[in-house]
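Structure file input36.cif; described as mmCIF, C-alpha atoms.
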data_query
loop_
_atom_site.group_PDB
_atom_site.id
_atom_site.type_symbol
_atom_site.label_atom_id
_atom_site.label_comp_id
_atom_site.auth_asym_id
_atom_site.auth_seq_id
_atom_site.Cartn_x
_atom_site.Cartn_y
_atom_site.Cartn_z
ATOM 1 C CA MET A 106 79.003 153.432 166.762
ATOM 2 C CA THR A 107 75.941 153.997 164.628
ATOM 3 C CA ARG A 108 73.088 151.542 164.942
ATOM 4 C CA VAL A 109 69.834 151.257 162.998
ATOM 5 C CA CYS A 110 66.671 151.619 165.107
ATOM 6 C CA GLY A 111 64.020 150.365 162.661
ATOM 7 C CA VAL A 112 64.558 146.718 163.502
ATOM 8 C CA THR A 113 63.022 143.757 165.274
ATOM 9 C CA VAL A 114 64.714 142.195 168.268
ATOM 10 C CA THR A 115 65.392 138.725 169.616
ATOM 11 C CA VAL A 116 65.942 137.839 173.246
ATOM 12 C CA VAL A 117 68.529 135.256 174.078
ATOM 13 C CA LEU A 118 68.293 133.048 177.124
ATOM 14 C CA ALA A 119 71.332 131.106 178.248
ATOM 15 C CA ALA A 120 71.142 128.614 181.017
ATOM 16 C CA PHE A 121 72.277 125.552 182.869
ATOM 17 C CA PHE A 122 75.983 125.938 183.520
ATOM 18 C CA CYS A 123 77.608 125.175 186.856
ATOM 19 C CA ALA A 124 77.263 127.538 189.810
ATOM 20 C CA SER A 125 80.975 128.386 189.796
ATOM 21 C CA ASP A 126 80.488 130.153 186.449
ATOM 22 C CA ALA A 127 78.078 132.545 188.172
ATOM 23 C CA SER A 128 80.428 133.226 191.068
ATOM 24 C CA ALA A 129 81.214 136.663 192.403
ATOM 25 C CA GLY A 130 83.866 138.548 190.511
ATOM 26 C CA VAL A 131 83.125 136.938 187.127
ATOM 27 C CA ILE A 132 81.478 139.023 184.398
ATOM 28 C CA TRP A 133 80.203 137.576 181.132
ATOM 29 C CA TYR A 134 80.231 139.587 177.920
ATOM 30 C CA THR A 135 79.315 139.164 174.288
ATOM 31 C CA ALA A 136 81.004 140.268 171.078
ATOM 32 C CA GLU A 137 80.935 139.485 167.376
ATOM 33 C CA SER A 138 83.754 137.323 166.084
ATOM 34 C CA ALA A 139 86.275 139.243 163.996
ATOM 35 C CA GLY A 140 85.351 139.154 160.332
ATOM 36 C CA GLY A 141 81.611 139.133 160.905
ATOM 37 C CA GLY A 142 80.914 135.652 162.216
ATOM 38 C CA TRP A 143 78.506 134.559 164.916
ATOM 39 C CA SER A 144 78.191 136.086 168.362
ATOM 40 C CA HIS A 145 80.853 135.002 170.825
ATOM 41 C CA LEU A 146 80.675 134.656 174.620
ATOM 42 C CA TYR A 147 83.531 135.462 176.992
ATOM 43 C CA SER A 148 83.989 135.951 180.714
ATOM 44 C CA ILE A 149 86.488 137.949 182.741
ATOM 45 C CA ASP A 150 87.600 137.581 186.361
ATOM 46 C CA THR A 151 87.544 141.112 187.779
ATOM 47 C CA THR A 152 90.332 140.299 190.255
ATOM 48 C CA THR A 153 92.863 138.507 188.069
ATOM 49 C CA LYS A 154 91.634 140.031 184.770
ATOM 50 C CA ALA A 155 91.832 136.533 183.250
ATOM 51 C CA ILE A 156 89.595 136.155 180.181
ATOM 52 C CA ALA A 157 87.907 132.857 179.276
ATOM 53 C CA ASP A 158 86.414 131.873 175.915
ATOM 54 C CA ARG A 159 82.842 130.674 176.554
ATOM 55 C CA GLY A 160 82.065 129.596 173.025
ATOM 56 C CA GLU A 161 80.682 130.815 169.742
ATOM 57 C CA VAL A 162 76.900 130.973 169.289
ATOM 58 C CA HIS A 163 76.562 129.464 165.821
ATOM 59 C CA GLY A 164 73.509 130.733 163.972
ATOM 60 C CA GLN A 165 73.084 133.852 166.131
ATOM 61 C CA ARG A 166 75.091 136.847 165.041
ATOM 62 C CA TYR A 167 73.915 139.909 166.961
ATOM 63 C CA ILE A 168 73.592 139.186 170.694
ATOM 64 C CA THR A 169 73.748 142.765 171.877
ATOM 65 C CA ASP A 170 73.423 142.295 175.648
ATOM 66 C CA LEU A 171 73.383 139.721 178.443
ATOM 67 C CA ALA A 172 71.661 139.342 181.807
ATOM 68 C CA MET A 173 72.292 136.771 184.537
ATOM 69 C CA ASP A 174 70.370 135.702 187.628
ATOM 70 C CA ALA A 175 71.913 134.592 190.923
ATOM 71 C CA GLY A 176 71.435 130.941 189.998
ATOM 72 C CA GLY A 177 73.603 131.147 186.883
ATOM 73 C CA GLU A 178 71.041 131.503 184.095
ATOM 74 C CA LEU A 179 72.301 133.871 181.429
ATOM 75 C CA TYR A 180 69.927 136.006 179.384
ATOM 76 C CA GLY A 181 70.478 138.376 176.513
ATOM 77 C CA VAL A 182 68.944 140.420 173.744
ATOM 78 C CA GLY A 183 69.849 140.728 170.094
ATOM 79 C CA TRP A 184 68.961 139.924 166.523
ATOM 80 C CA ASN A 185 69.968 137.407 163.898
ATOM 81 C CA ASN A 186 70.744 139.354 160.739
ATOM 82 C CA ALA A 187 72.203 142.620 159.529
ATOM 83 C CA TYR A 188 68.943 144.577 159.599
ATOM 84 C CA ALA A 189 67.328 142.759 162.535
ATOM 85 C CA ASN A 190 64.088 142.215 160.649
ATOM 86 C CA GLY A 191 61.621 139.373 161.132
ATOM 87 C CA THR A 192 59.697 138.352 164.229
ATOM 88 C CA SER A 193 60.941 138.627 167.798
ATOM 89 C CA LYS A 194 62.259 135.363 169.207
ATOM 90 C CA LEU A 195 63.356 133.917 172.519
ATOM 91 C CA TYR A 196 66.315 131.574 172.842
ATOM 92 C CA ARG A 197 67.870 129.397 175.507
ATOM 93 C CA ILE A 198 71.622 128.983 175.096
ATOM 94 C CA THR A 199 73.937 126.538 176.809
ATOM 95 C CA PRO A 200 77.432 128.064 176.577
ATOM 96 C CA GLY A 201 80.303 125.974 175.258
ATOM 97 C CA GLY A 202 83.986 126.761 175.616
ATOM 98 C CA ALA A 203 87.086 127.617 173.608
ATOM 99 C CA GLY A 204 86.666 125.972 170.217
ATOM 100 C CA ASP A 205 83.176 124.693 171.077
ATOM 101 C CA ALA A 206 79.822 125.985 169.894
ATOM 102 C CA ALA A 207 77.103 127.006 172.305
ATOM 103 C CA ASP A 208 73.785 125.157 172.001
ATOM 104 C CA TRP A 209 70.518 127.063 171.749
ATOM 105 C CA ASP A 210 66.818 126.513 171.223
ATOM 106 C CA ILE A 211 63.899 128.847 170.585
ATOM 107 C CA LEU A 212 61.598 129.822 173.445
ATOM 108 C CA GLN A 213 58.404 131.872 173.287
ATOM 109 C CA VAL A 214 57.112 135.323 174.185
ATOM 110 C CA ALA A 215 53.342 135.148 174.665
ATOM 111 C CA TYR A 216 50.778 137.313 172.918
ATOM 112 C CA ASN A 217 52.724 140.564 173.351
ATOM 113 C CA ARG A 218 56.243 141.500 172.302
ATOM 114 C CA MET A 219 59.258 143.461 173.330
ATOM 115 C CA ASP A 220 60.127 146.764 171.731
ATOM 116 C CA ARG A 221 61.585 146.361 168.249
ATOM 117 C CA THR A 222 64.979 147.860 169.148
ATOM 118 C CA VAL A 223 65.880 146.293 172.498
ATOM 119 C CA ASN A 224 69.602 146.524 173.205
ATOM 120 C CA ALA A 225 69.817 146.224 176.996
ATOM 121 C CA ALA A 226 68.762 143.636 179.563
ATOM 122 C CA VAL A 227 69.112 142.752 183.240
ATOM 123 C CA MET A 228 67.672 140.042 185.467
ATOM 124 C CA SER A 229 66.101 140.654 188.888
ATOM 125 C CA GLY A 230 64.834 137.615 190.731
ATOM 126 C CA GLU A 231 62.599 135.845 188.217
ATOM 127 C CA ASP A 232 61.972 138.998 186.165
ATOM 128 C CA LEU A 233 63.750 140.382 183.107
ATOM 129 C CA TYR A 234 64.003 144.114 182.383
ATOM 130 C CA VAL A 235 64.873 145.386 178.909
ATOM 131 C CA ALA A 236 65.502 148.795 177.336
ATOM 132 C CA SER A 237 65.684 149.915 173.727
ATOM 133 C CA CYS A 238 67.422 152.457 171.556
ATOM 134 C CA SER A 239 63.981 153.877 170.739
ATOM 135 C CA GLY A 240 63.590 154.769 174.427
ATOM 136 C CA GLY A 241 61.314 151.938 175.531
ATOM 137 C CA PHE A 242 61.594 150.168 178.890
ATOM 138 C CA GLN A 243 59.818 146.894 179.683
ATOM 139 C CA LYS A 244 59.491 144.240 182.358
ATOM 140 C CA LEU A 245 59.098 140.605 181.260
ATOM 141 C CA VAL A 246 57.848 137.776 183.473
ATOM 142 C CA ARG A 247 57.520 134.049 182.999
ATOM 143 C CA ASP A 248 54.095 133.077 181.728
ATOM 144 C CA GLY A 249 53.390 129.745 183.440
ATOM 145 C CA SER A 250 56.535 128.068 182.148
ATOM 146 C CA PRO A 251 60.309 128.671 182.134
ATOM 147 C CA ASP A 252 60.087 128.547 178.335
ATOM 148 C CA ARG A 253 57.310 131.120 177.980
ATOM 149 C CA TRP A 254 57.462 134.851 178.758
ATOM 150 C CA ARG A 255 55.235 137.897 178.441
ATOM 151 C CA VAL A 256 55.620 141.678 178.817
ATOM 152 C CA SER A 257 54.020 142.756 182.101
ATOM 153 C CA ALA A 258 54.866 146.479 182.133
ATOM 154 C CA THR A 259 55.946 149.077 179.578
ATOM 155 C CA GLY A 260 57.334 152.567 180.082
ATOM 156 C CA ASN A 261 59.650 155.093 178.468
ATOM 157 C CA LEU A 262 63.168 156.110 179.423
ATOM 158 C CA GLY A 263 62.788 159.648 178.164
ATOM 159 C CA SER A 264 66.269 159.021 176.743
ATOM 160 C CA THR A 265 67.956 156.640 174.312
ATOM 161 C CA SER A 266 69.404 153.439 175.742
ATOM 162 C CA GLY A 267 73.118 153.177 175.098
ATOM 163 C CA GLY A 268 73.110 149.444 175.553
ATOM 164 C CA ASP A 269 72.896 148.000 179.082
ATOM 165 C CA LEU A 270 71.218 147.837 182.486
ATOM 166 C CA ALA A 271 72.578 146.727 185.877
ATOM 167 C CA PHE A 272 71.116 146.549 189.392
ATOM 168 C CA SER A 273 73.113 147.600 192.421
ATOM 169 C CA ALA A 274 73.979 144.775 194.811
ATOM 170 C CA ASP A 275 71.104 145.674 197.169
ATOM 171 C CA GLY A 276 68.662 145.997 194.276
ATOM 172 C CA GLN A 277 67.636 149.542 195.195
ATOM 173 C CA LYS A 278 69.032 151.207 192.071
ATOM 174 C CA LEU A 279 68.840 150.209 188.417
ATOM 175 C CA TYR A 280 71.614 151.770 186.351
ATOM 176 C CA VAL A 281 71.450 152.353 182.603
ATOM 177 C CA THR A 282 73.990 153.435 180.004
ATOM 178 C CA LEU A 283 72.660 156.090 177.653
ATOM 179 C CA SER A 284 73.544 156.999 174.099
ATOM 180 C CA GLY A 285 76.690 159.124 174.075
ATOM 181 C CA GLY A 286 78.313 157.318 176.991
ATOM 182 C CA SER A 287 76.520 158.750 180.018
ATOM 183 C CA LEU A 288 75.178 156.898 183.062
ATOM 184 C CA GLY A 289 71.758 157.187 184.686
ATOM 185 C CA THR A 290 69.269 155.370 186.915
ATOM 186 C CA VAL A 291 65.848 154.009 185.919
ATOM 187 C CA ASN A 292 62.585 154.029 187.883
ATOM 188 C CA PHE A 293 61.653 150.327 187.824
ATOM 189 C CA ASP A 294 58.592 150.588 190.106
ATOM 190 C CA GLU A 295 55.861 149.318 187.769
ATOM 191 C CA SER A 296 53.152 150.887 189.954
ATOM 192 C CA SER A 297 54.583 154.327 189.224
ATOM 193 C CA ARG A 298 53.389 156.591 186.434
ATOM 194 C CA ASP A 299 57.086 157.315 185.908
ATOM 195 C CA PHE A 300 57.954 153.646 185.300
ATOM 196 C CA GLY A 301 61.023 153.654 183.064
ATOM 197 C CA LYS A 302 61.957 157.304 183.574
ATOM 198 C CA VAL A 303 65.698 157.990 183.662
ATOM 199 C CA THR A 304 67.509 160.257 186.100
ATOM 200 C CA ALA A 305 70.857 161.297 184.616
ATOM 201 C CA ILE A 306 74.024 160.876 186.706
ATOM 202 C CA GLY A 307 76.877 161.994 184.465
ATOM 203 C CA SER A 308 79.292 161.217 181.647
ATOM 204 C CA THR A 309 81.598 158.205 181.722
ATOM 205 C CA GLY A 310 84.137 160.005 179.552
ATOM 206 C CA TYR A 311 83.664 157.426 176.772
ATOM 207 C CA SER A 312 81.495 157.904 173.685
ATOM 208 C CA GLN A 313 79.931 154.428 173.969
ATOM 209 C CA VAL A 314 79.372 152.121 176.939
ATOM 210 C CA PHE A 315 77.543 149.033 175.699
ATOM 211 C CA GLY A 316 78.133 146.762 178.702
ATOM 212 C CA LEU A 317 77.262 147.256 182.365
ATOM 213 C CA ALA A 318 77.581 144.880 185.349
ATOM 214 C CA TRP A 319 77.663 145.124 189.137
ATOM 215 C CA SER A 320 80.176 142.764 190.728
ATOM 216 C CA GLU A 321 81.952 142.664 194.103
ATOM 217 C CA GLU A 322 80.501 146.043 195.149
ATOM 218 C CA VAL A 323 81.817 147.686 191.959
ATOM 219 C CA LEU A 324 79.895 148.957 188.921
ATOM 220 C CA TYR A 325 81.779 147.993 185.744
ATOM 221 C CA GLY A 326 81.254 149.389 182.258
ATOM 222 C CA PHE A 327 82.354 147.955 178.915
ATOM 223 C CA THR A 328 83.251 150.593 176.371
ATOM 224 C CA ASN A 329 83.166 150.410 172.588
ATOM 225 C CA ASN A 330 84.406 152.593 169.781
ATOM 226 C CA ASN A 331 83.217 153.484 166.295
ATOM 227 C CA THR A 332 84.640 150.522 164.418
ATOM 228 C CA ASN A 333 83.049 147.096 164.146
ATOM 229 C CA TYR A 334 85.925 145.015 165.490
ATOM 230 C CA GLY A 335 87.914 147.467 167.557
ATOM 231 C CA SER A 336 89.032 146.889 171.139
ATOM 232 C CA SER A 337 86.784 147.531 174.124
ATOM 233 C CA TYR A 338 87.809 148.267 177.695
ATOM 234 C CA MET A 339 86.407 147.158 181.008
ATOM 235 C CA VAL A 340 86.321 150.189 183.326
ATOM 236 C CA ARG A 341 85.229 150.895 186.867
ATOM 237 C CA LEU A 342 82.352 153.398 187.002
ATOM 238 C CA ASN A 343 81.670 155.794 189.854
ATOM 239 C CA PRO A 344 77.933 155.256 190.550
ATOM 240 C CA LEU A 345 77.639 158.781 191.962
ATOM 241 C CA THR A 346 79.263 160.672 189.075
ATOM 242 C CA GLY A 347 79.483 158.202 186.159
ATOM 243 C CA ALA A 348 83.230 158.784 185.797
ATOM 244 C CA ALA A 349 85.286 155.827 184.481
ATOM 245 C CA SER A 350 88.689 154.654 185.711
ATOM 246 C CA ASP A 351 91.138 151.716 185.593
ATOM 247 C CA PRO A 352 90.646 150.576 181.958
ATOM 248 C CA VAL A 353 91.442 146.950 181.078
ATOM 249 C CA ALA A 354 91.831 146.150 177.345
ATOM 250 C CA LEU A 355 89.672 143.214 176.165
ATOM 251 C CA GLY A 356 90.812 142.861 172.551
ATOM 252 C CA VAL A 357 87.313 142.624 171.056
ATOM 253 C CA ALA A 358 84.412 145.018 170.534
ATOM 254 C CA VAL A 359 82.018 144.227 173.394
ATOM 255 C CA TRP A 360 78.253 144.530 172.889
ATOM 256 C CA GLY A 361 76.923 143.696 176.341
ATOM 257 C CA ALA A 362 77.804 142.318 179.773
ATOM 258 C CA ALA A 363 76.267 140.708 182.846
ATOM 259 C CA ALA A 364 77.152 139.356 186.280
ATOM 260 C CA ALA A 365 75.321 137.427 188.962
ATOM 261 C CA GLY A 366 74.248 139.016 192.205
ATOM 262 C CA GLY A 367 72.968 142.540 191.549
ATOM 263 C CA GLY A 368 69.225 142.923 191.920
ATOM 264 C CA ALA A 369 68.648 139.669 193.755
ATOM 265 C CA ASN A 370 66.243 141.373 196.165
ATOM 266 C CA PRO A 371 65.438 144.765 194.622
ATOM 267 C CA VAL A 372 63.551 147.481 196.471
ATOM 268 C CA PRO A 373 61.528 149.507 193.933
ATOM 269 C CA GLU A 374 61.683 153.261 194.191
ATOM 270 C CA PRO A 375 58.516 155.013 195.457
ATOM 271 C CA ALA A 376 56.207 156.258 192.745
ATOM 272 C CA THR A 377 55.965 159.815 194.086
ATOM 273 C CA ILE A 378 57.072 161.965 197.021
ATOM 274 C CA ALA A 379 53.434 161.964 198.145
ATOM 275 C CA LEU A 380 53.762 158.282 198.962
ATOM 276 C CA LEU A 381 56.424 159.119 201.507
ATOM 277 C CA GLY A 382 54.178 161.757 203.074
ATOM 278 C CA LEU A 383 51.501 159.125 203.556
ATOM 279 C CA GLY A 384 54.023 156.810 205.204
ATOM 280 C CA ALA A 385 53.776 154.152 202.521
ATOM 281 C CA CYS A 386 56.538 151.581 202.827
ATOM 282 C CA VAL A 387 58.564 150.564 199.821
ATOM 283 C CA ALA A 388 57.779 146.877 199.183
ATOM 284 C CA LEU A 389 60.707 144.450 198.967
ATOM 285 C CA LEU A 390 60.806 142.727 195.600
ATOM 286 C CA ARG A 391 63.654 141.609 194.971
ATOM 287 C CA ARG A 392 71.210 145.533 177.274
ATOM 288 C CA LYS A 393 77.625 146.364 163.359
ATOM 289 C CA ARG A 394 78.989 148.532 161.611
ATOM 290 C CA THR A 395 76.580 151.195 160.095
ATOM 291 C CA ALA A 396 73.419 149.151 159.399
ATOM 292 C CA MET A 397 74.690 146.205 161.446
ATOM 293 C CA ARG A 398 74.891 147.961 164.817
ATOM 294 C CA ARG A 399 73.043 148.009 168.071
ATOM 295 C CA CYS A 400 71.458 151.306 167.071
ATOM 296 C CA CYS A 401 71.834 154.835 168.297
#
Let me see the structure of the file written as structure tokens.
Amino acid sequence: MTRVCGVTVTVVLAAFFCASDASAGVIWYTAESAGGGWSHLYSIDTTTKAIADRGEVHGQRYITDLAMDAGGELYGVGWNNAYANGTSKLYRITPGGAGDAADWDILQVAYNRMDRTVNAAVMSGEDLYVASCSGGFQKLVRDGSPDRWRVSATGNLGSTSGGDLAFSADGQKLYVTLSGGSLGTVNFDESSRDFGKVTAIGSTGYSQVFGLAWSEEVLYGFTNNNTNYGSSYMVRLNPLTGAASDPVALGVAVWGAAAAGGGANPVPEPATIALLGLGACVALLRRKRTAMRRCC
């Protein structure tokens, strides 16, 4: 699915729904309504495979990825028009339900901005990590207020983001989908000179994996194809090889996914092997057709 990289990005924040919506085994995902309407939120129970309509986001068309913290706040990245031009924006969204619109309001990124082609996001504790189809990788933190954010660290993947990020349940690994459907891990230790560098794992067997979420000790991927409104599949991914299995048809073209739990208490990877030789301890710290695509 071809996406245009010369664009500006918006981040979407969704919050304040009940704790049961962030329960284990439930993954949220985003798609565009058939026919080119606004972005649409859904969730799926990984055990029963039941899908719930979480509402249409009127006024926001291209929400390309989601991220959720353990408390149930849902985040995302995207843009508002076909070419994703204009200034970067932050939003808070309160999801609705089947037939209901989701509410949203604009938040603020401080004096600095995200990369212009962000298409992947994940939450870890109070921090938000994003990646872009231009290869950028950034960490965002709150800037004195829940409604205000700033970029605290910037690196480079050395690869092109395929569309999503997900922490393992223990927070020690940060997985990324890469352009072409492969899986890798990202160095998220901001003290490292290799902050953002990707280590490749292997191919998923699908040409596009736009969604990624860790739930119930399983890494799930959400595939896409090369048509705007085709069907995506939820698949189980082998975190050691990248191989996909057990596809579940979703009926819409998914752009991004998120689940609560992964990365709650991440342990950043050491910056270099030399750190291990010195006995340094690792400190506990706890994600369109042609021009209208998530790029790359």
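Take the candidates A:Val131, A:Asp252, A:Glu137, A:Gly160 and check each one against Gly335 in chain A using all atoms listed in the file; the shortest distance goes to A:Glu137.
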Pick from A:Asn330, A:Thr282, A:Ser239, A:Ser287, whichever lies nearest to Ala358 in chain A using all atoms listed in the file: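 Answer, going by the shortest atom-to-atom distance: A:Asn330.
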Using all atoms listed in the file: which of A:Gly130, A:Gly241, A:Gly230, A:Gly181 has the shortest distance to Leu146 in chain A: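 Of A:Gly130, A:Gly241, A:Gly230, A:Gly181, the one nearest Leu146 in chain A, counting all atoms listed in the file, is A:Gly181.
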d(CA of Asp170 in chain A, CA of Val223 in chain A) in Å: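 Those two atoms sit 9.1 Å apart.
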Minimum-distance residue to Pro352 in chain A, chosen among A:Arg221, A:Arg247, A:Lys154, A:Arg197 (using only C-alpha atoms):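 With only C-alpha atoms as the atom set, the closest residue is A:Lys154.
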